[in-house]
Amino acid sequence: MNNKFIFDVDGTLTPSRGTIDQDFCVFFTTFCTNNDVYLVTGSDKEKTIEQISEEVYSLVKRSYQCNGNDVWEGEKHIRTNEWSLPEDAHKWLSIKLSESDFYLRTGLHFEHRPGMVNFSIVGRNATREQRAEYVDWDIRFEERTDIAYNFNLLFPELEAKVGGETGIDISPKGFDKSQIVKDFDPEDTLWFFGDRIDEGGNDYPLAQVVDHYRHIMKWNNTWEYLTWFQEQNIAN
């Protein structure tokens with residue numbers, strides 16, 4: 001069996017927007033050395049390295065940045081999907097930004113990445129405490145879910161999915177995480193670990209097309225699964 005292990009980063013290998021736990025990093029470094037490991041994340045390469053370390057990044061077989069729209073093997077750049085958010089979609093999201101009842105705006109509400117845009121009401125300049133305030137707000141009012149739902153109705157050629165703690169990932173249809181499956185051999189057995197596997201989450205499309213997936217509630221949940229896999233001889 002050709003087991004391939006695919007991991008989201010934020011909330012799966014690290015706390016959201018945080019760095020990998022050092023003890024888990026030691027464990028995961030060994031896991032990457034002994035197994036075929038791939039990353040798929042909404043973040044760019046620089047942010048991913050900042051979160052998981054240069055060493056771990058160098059050990060994974062391939063890293064799918066920006067939901068698979070910017071692909072790397074270590075320092076080797078494989079491909080990039082070029083795309084820009086249409087002006088009418090940008091204007092609609094800007095209206096939602098101005099209409100939101102959440103009290104705080106920190107800037108960088110649109111972050112343009114290869115093949116996608118990350119949209120955030122609170123803004124990506126928010127501190128950890130400010131992000132936590134928005135997380136509580138969003139749990140109560142489901143603002144991101146509502147924005148993504150209505151965006152998808154208005155712009156059927158595009159797709160908005162709730163990603164991470166405070167953002168919404170927007171891309172053309174088919175440019176989501178599920179696009180990476182075409183790079184694997186049909187004989188491979190794909191295991192995917194992600195925290196936003198709920199319908200509407202940015203891990204959901206990939207979870208629907210792999211052989212197996214695990215819903216991660218927090219990063220040490222991943223550690224527990226991988227330890228169990230080794231005990232069951234599923235992983236080396």
# chains A, B, ... in the order shown; residues from 1 in each chain; ligands from 1
>>> residues_around(residues="stretch 15-28 of chain A", least_positions_apart="2", cutoff="9 Å", atoms="only C-alpha atoms", output="tab-separated table (two decimals) with C-alpha atoms, in the first residue's frame")
chain	number	residue	atom	x	y	z
A	9	VAL	CA	-1.17	23.47	8.52
A	10	ASP	CA	-3.17	26.05	10.52
A	11	GLY	CA	-5.11	24.25	13.26
A	12	THR	CA	-3.77	20.85	12.15
A	13	LEU	CA	0.01	20.94	12.56
A	30	THR	CA	10.86	11.77	12.22
A	31	PHE	CA	7.43	11.04	10.70
A	32	CYS	CA	8.34	13.07	7.59
A	33	THR	CA	11.65	11.25	7.29
A	47	LYS	CA	4.28	31.92	6.27
A	50	GLU	CA	7.61	30.44	9.68
A	51	GLN	CA	5.03	28.13	11.24
A	52	ILE	CA	6.57	24.67	10.80
A	53	SER	CA	10.34	25.42	10.44
A	56	VAL	CA	10.19	20.21	8.34
A	128	ARG	CA	-3.97	37.29	18.67
A	164	GLY	CA	-8.82	29.32	9.32
A	165	GLU	CA	-10.23	31.33	12.22
A	218	LYS	CA	-6.57	20.96	17.44
A	219	TRP	CA	-2.96	20.23	16.50
A	220	ASN	CA	-2.26	17.62	19.22
A	223	TRP	CA	-0.16	13.83	17.01
A	226	LEU	CA	-0.15	9.63	13.88
>>> select_by_dssp(residues="stretch 17-117 of chain A", states="strand (DSSP E or B)", output="MDAnalysis selection string")
chainID A and resid 36:40 62:65 70:73 76:80 110:113 116:117
>>> write_last_selection(atoms="C-alpha atoms", output="PDB file, in the first residue's frame")
ATOM      1  CA  ASP A  36       5.592  10.414   2.210  1.00  0.00           C
ATOM      2  CA  VAL A  37       4.241  13.681   3.606  1.00  0.00           C
ATOM      3  CA  TYR A  38       2.564  16.541   1.717  1.00  0.00           C
ATOM      4  CA  LEU A  39       1.257  19.913   2.884  1.00  0.00           C
ATOM      5  CA  VAL A  40      -1.771  21.788   1.560  1.00  0.00           C
ATOM      6  CA  ARG A  62       5.672  18.629  -1.864  1.00  0.00           C
ATOM      7  CA  SER A  63       3.998  21.699  -0.406  1.00  0.00           C
ATOM      8  CA  TYR A  64       0.784  22.980  -1.954  1.00  0.00           C
ATOM      9  CA  GLN A  65       0.568  26.639  -0.969  1.00  0.00           C
ATOM     10  CA  ASP A  70       1.409  27.714  -5.745  1.00  0.00           C
ATOM     11  CA  VAL A  71       3.361  24.455  -5.629  1.00  0.00           C
ATOM     12  CA  TRP A  72       6.850  23.835  -4.216  1.00  0.00           C
ATOM     13  CA  GLU A  73       9.251  20.958  -3.621  1.00  0.00           C
ATOM     14  CA  LYS A  76      12.103  24.152  -6.357  1.00  0.00           C
ATOM     15  CA  HIS A  77       9.093  26.042  -7.697  1.00  0.00           C
ATOM     16  CA  ILE A  78       6.765  23.705  -9.621  1.00  0.00           C
ATOM     17  CA  ARG A  79       3.896  25.936 -10.803  1.00  0.00           C
ATOM     18  CA  THR A  80       1.620  28.870  -9.995  1.00  0.00           C
ATOM     19  CA  PHE A 110      -7.950  41.497   1.157  1.00  0.00           C
ATOM     20  CA  GLU A 111      -4.799  39.410   0.852  1.00  0.00           C
ATOM     21  CA  HIS A 112      -4.074  38.472  -2.762  1.00  0.00           C
ATOM     22  CA  ARG A 113      -2.248  35.173  -3.206  1.00  0.00           C
ATOM     23  CA  MET A 116      -6.931  32.997  -4.570  1.00  0.00           C
ATOM     24  CA  VAL A 117      -7.835  35.885  -2.265  1.00  0.00           C
TER      25      VAL A 117
END
>>> residues_around(residues="stretch 192-208 of chain A", least_positions_apart="4", cutoff="6 Å", atoms="only C-alpha atoms", output="PDB file with C-alpha atoms, in the first residue's frame")
ATOM      1  CA  ILE A   6      -1.500  15.098   3.385  1.00  0.00           C
ATOM      2  CA  PHE A   7      -1.734  17.781   6.068  1.00  0.00           C
ATOM      3  CA  ASP A   8      -3.367  21.155   6.407  1.00  0.00           C
ATOM      4  CA  GLY A  11      -5.107  24.248  13.265  1.00  0.00           C
ATOM      5  CA  THR A  12      -3.773  20.852  12.145  1.00  0.00           C
ATOM      6  CA  LYS A 161     -15.034  28.865   1.625  1.00  0.00           C
ATOM      7  CA  VAL A 162     -14.528  29.572   5.318  1.00  0.00           C
ATOM      8  CA  GLY A 163     -10.847  29.083   6.128  1.00  0.00           C
ATOM      9  CA  LYS A 177      -7.582  22.076  -2.221  1.00  0.00           C
ATOM     10  CA  SER A 178      -9.133  19.170  -4.109  1.00  0.00           C
ATOM     11  CA  TYR A 213      -9.634  11.831   6.125  1.00  0.00           C
ATOM     12  CA  ARG A 214      -9.434  12.805   9.781  1.00  0.00           C
ATOM     13  CA  HIS A 215     -11.195  15.809  11.284  1.00  0.00           C
ATOM     14  CA  ILE A 216      -8.693  17.610  13.501  1.00  0.00           C
ATOM     15  CA  MET A 217     -10.008  19.619  16.417  1.00  0.00           C
TER      16      MET A 217
END
>>> closest_residue(among="A:Ile121, A:Asn152, A:Thr166, A:Trp83", to="A:Asp136", atoms="only C-alpha atoms")
A:Thr166
>>> select_by_dssp(residues="stretch 88-225 of chain A", states="helix (DSSP H, G or I)", output="ChimeraX atom specification")
/A:88-99,128-141,143-154,177-183,204-207,219-225
>>> residues_around(residues="A:Ile147", least_positions_apart="2", cutoff="10 Å", atoms="only C-alpha atoms", output="compact mmCIF listing (two decimals) with N, CA and C atoms, in the first residue's frame")
# COMPACT_ATOMS: atom_id res chain seq x y z
N LEU A 93 -17.69 42.46 -1.68
CA LEU A 93 -17.04 42.13 -0.41
C LEU A 93 -16.72 43.40 0.38
N LYS A 96 -19.72 44.37 2.24
CA LYS A 96 -19.88 43.51 3.41
C LYS A 96 -18.94 43.95 4.52
N LEU A 97 -17.74 44.37 4.14
CA LEU A 97 -16.77 44.86 5.12
C LEU A 97 -17.30 46.10 5.83
N GLU A 142 -22.17 33.65 13.03
CA GLU A 142 -21.88 32.92 11.78
C GLU A 142 -21.76 33.86 10.59
N GLU A 143 -21.03 34.95 10.81
CA GLU A 143 -20.91 35.97 9.78
C GLU A 143 -20.20 35.44 8.54
N ARG A 144 -19.07 34.73 8.73
CA ARG A 144 -18.32 34.23 7.57
C ARG A 144 -19.14 33.23 6.76
N THR A 145 -19.85 32.36 7.45
CA THR A 145 -20.68 31.38 6.74
C THR A 145 -21.74 32.08 5.90
N TYR A 149 -21.88 32.04 1.83
CA TYR A 149 -23.09 31.48 1.20
C TYR A 149 -23.65 32.45 0.16
N ASN A 150 -23.80 33.70 0.54
CA ASN A 150 -24.38 34.69 -0.38
C ASN A 150 -23.44 35.03 -1.52
N PHE A 151 -22.14 35.03 -1.25
CA PHE A 151 -21.16 35.26 -2.31
C PHE A 151 -21.30 34.17 -3.38
N ASN A 152 -21.42 32.92 -2.95
CA ASN A 152 -21.51 31.81 -3.90
C ASN A 152 -22.79 31.87 -4.73
N ALA A 160 -16.35 30.66 -2.53
CA ALA A 160 -15.89 31.18 -1.25
C ALA A 160 -16.06 30.10 -0.20
N LYS A 161 -14.99 29.87 0.57
CA LYS A 161 -15.03 28.86 1.63
C LYS A 161 -14.41 29.43 2.89
N VAL A 162 -15.04 29.13 4.02
CA VAL A 162 -14.53 29.57 5.32
C VAL A 162 -13.20 28.87 5.57
N ILE A 168 -12.01 34.11 4.81
CA ILE A 168 -12.76 33.41 3.79
C ILE A 168 -11.84 33.29 2.57
>>> residues_around(residues="A:Glu187", least_positions_apart="3", cutoff="10 Å", atoms="only C-alpha atoms", output="list of chain:residue names")
A:Met1, A:Asn2, A:Asn3, A:Phe184, A:Leu190
